[in-house]
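Accompanying notes for the structure given below.
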Amino acid sequence: MPSPSKDLKETESALLSVIHALIDGQEGFKKIGEEIKDEALKEYFLAESLTRAQFRGVLESILHQEGVHDIKESGTATGTVRRAWGDLKSALGGGDHTLLSTAEEAEDEAVEAYSKATEAFLPLPVRQVLTTQAAHIEKSHEFIKAARDTKK
């Protein structure tokens, strides 16, 4: 059986790093959506959690089409620590501002994951998917930052 090409390995690595960031976002946004007091923001975070799951599904499908079937279903260690830290701050009475600050930090990492992924050699259809998703992540990042600034 031939070994995967260097380009396929680079594509796989780039997509896996984004998938792990999306898992962090999906789990973190769900948790924030359950804890945040502002009803509009609650709906936003729960919807964004679902969007991250959809983005992840698209990227996993691309990997499956390329013959990659063993995709580890976990986020990053950093994401796990951030969620635990956010839980602690919330439990200590941090409120919506604290939750939004935690979400913004997570968005910083998601933006970075997409940026690094698009630096890799990628087939055009994969690059287009990542670019479209990255634009949504950027808008979400801006929205969360603005919401955080209004909750001081």
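Ordering of the structure tokens sets the chain letters (A, B, ...), residue numbers begin anew at 1 in every chain, and ligands are numbered from 1 in the order given.
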Leaving out A:Gln26 and any residue of its chain fewer than 5 positions from it, which residues lie within 10 Å of it when counting only C-alpha atoms, given as an MDAnalysis selection string?
-> chainID A and resid 20:21 31 45:56 75
N, CA and C atoms of the current selection, written as a tab-separated table (two decimals), in the first residue's frame:
chain	number	residue	atom	x	y	z
A	20	HIS	N	-9.59	20.36	15.87
A	20	HIS	CA	-9.41	20.39	17.32
A	20	HIS	C	-9.86	21.74	17.90
A	21	ALA	N	-9.55	22.83	17.20
A	21	ALA	CA	-10.01	24.15	17.64
A	21	ALA	C	-11.54	24.25	17.59
A	31	LYS	N	-21.18	25.34	26.70
A	31	LYS	CA	-21.08	25.59	28.14
A	31	LYS	C	-21.40	27.05	28.47
A	45	PHE	N	-24.60	31.84	21.61
A	45	PHE	CA	-23.56	30.84	21.90
A	45	PHE	C	-24.02	29.42	21.62
A	46	LEU	N	-25.27	29.11	21.90
A	46	LEU	CA	-25.76	27.77	21.59
A	46	LEU	C	-25.80	27.55	20.07
A	47	ALA	N	-26.19	28.58	19.32
A	47	ALA	CA	-26.20	28.47	17.85
A	47	ALA	C	-24.77	28.35	17.31
A	48	GLU	N	-23.84	29.10	17.88
A	48	GLU	CA	-22.44	29.02	17.44
A	48	GLU	C	-21.85	27.66	17.75
A	49	SER	N	-22.26	27.06	18.85
A	49	SER	CA	-21.80	25.71	19.17
A	49	SER	C	-22.20	24.75	18.05
A	50	LEU	N	-23.43	24.87	17.59
A	50	LEU	CA	-23.91	24.03	16.49
A	50	LEU	C	-23.17	24.34	15.19
A	51	THR	N	-22.88	25.61	14.94
A	51	THR	CA	-22.14	26.00	13.75
A	51	THR	C	-20.75	25.37	13.76
A	52	ARG	N	-20.10	25.38	14.92
A	52	ARG	CA	-18.77	24.77	15.02
A	52	ARG	C	-18.85	23.27	14.73
A	53	ALA	N	-19.92	22.63	15.20
A	53	ALA	CA	-20.10	21.20	14.92
A	53	ALA	C	-20.28	20.97	13.41
A	54	GLN	N	-21.03	21.85	12.76
A	54	GLN	CA	-21.23	21.73	11.31
A	54	GLN	C	-19.91	21.94	10.56
A	55	PHE	N	-19.16	22.96	10.94
A	55	PHE	CA	-17.86	23.21	10.31
A	55	PHE	C	-16.96	21.99	10.46
A	56	ARG	N	-16.95	21.44	11.65
A	56	ARG	CA	-16.14	20.26	11.94
A	56	ARG	C	-16.56	19.09	11.06
A	75	GLY	N	-10.59	17.94	21.73
A	75	GLY	CA	-10.08	19.28	21.52
A	75	GLY	C	-8.63	19.35	21.97
Contact residues around A:Ile32 with only C-alpha atoms at 10 Å, ignoring same-chain residues under 3 positions, as number ranges by chain = A: 27-29, 35-37, 41-42, 44-46, 49, 83, 86-87, 90, 96, 99-100, 102-103
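Distances to A:Ser140 were evaluated for A:Lys9, A:Glu104, A:Glu43, A:His97 using only C-alpha atoms, and the minimum falls at A:Glu104.
In this model, the gap between atom CA of A:Lys145 and atom CA of A:Lys116 comes to 21.6 Å.
Between A:Glu66 and the residues A:Glu12, A:Glu119, A:Glu138, A:Glu105, the shortest atom-to-atom distance, using only C-alpha atoms, involves A:Glu12.
Distances here use only C-alpha atoms; by that measure, the residue among A:Thr131, A:Ser61, A:Thr98, A:Ser115 closest to A:Arg148 is A:Thr98.
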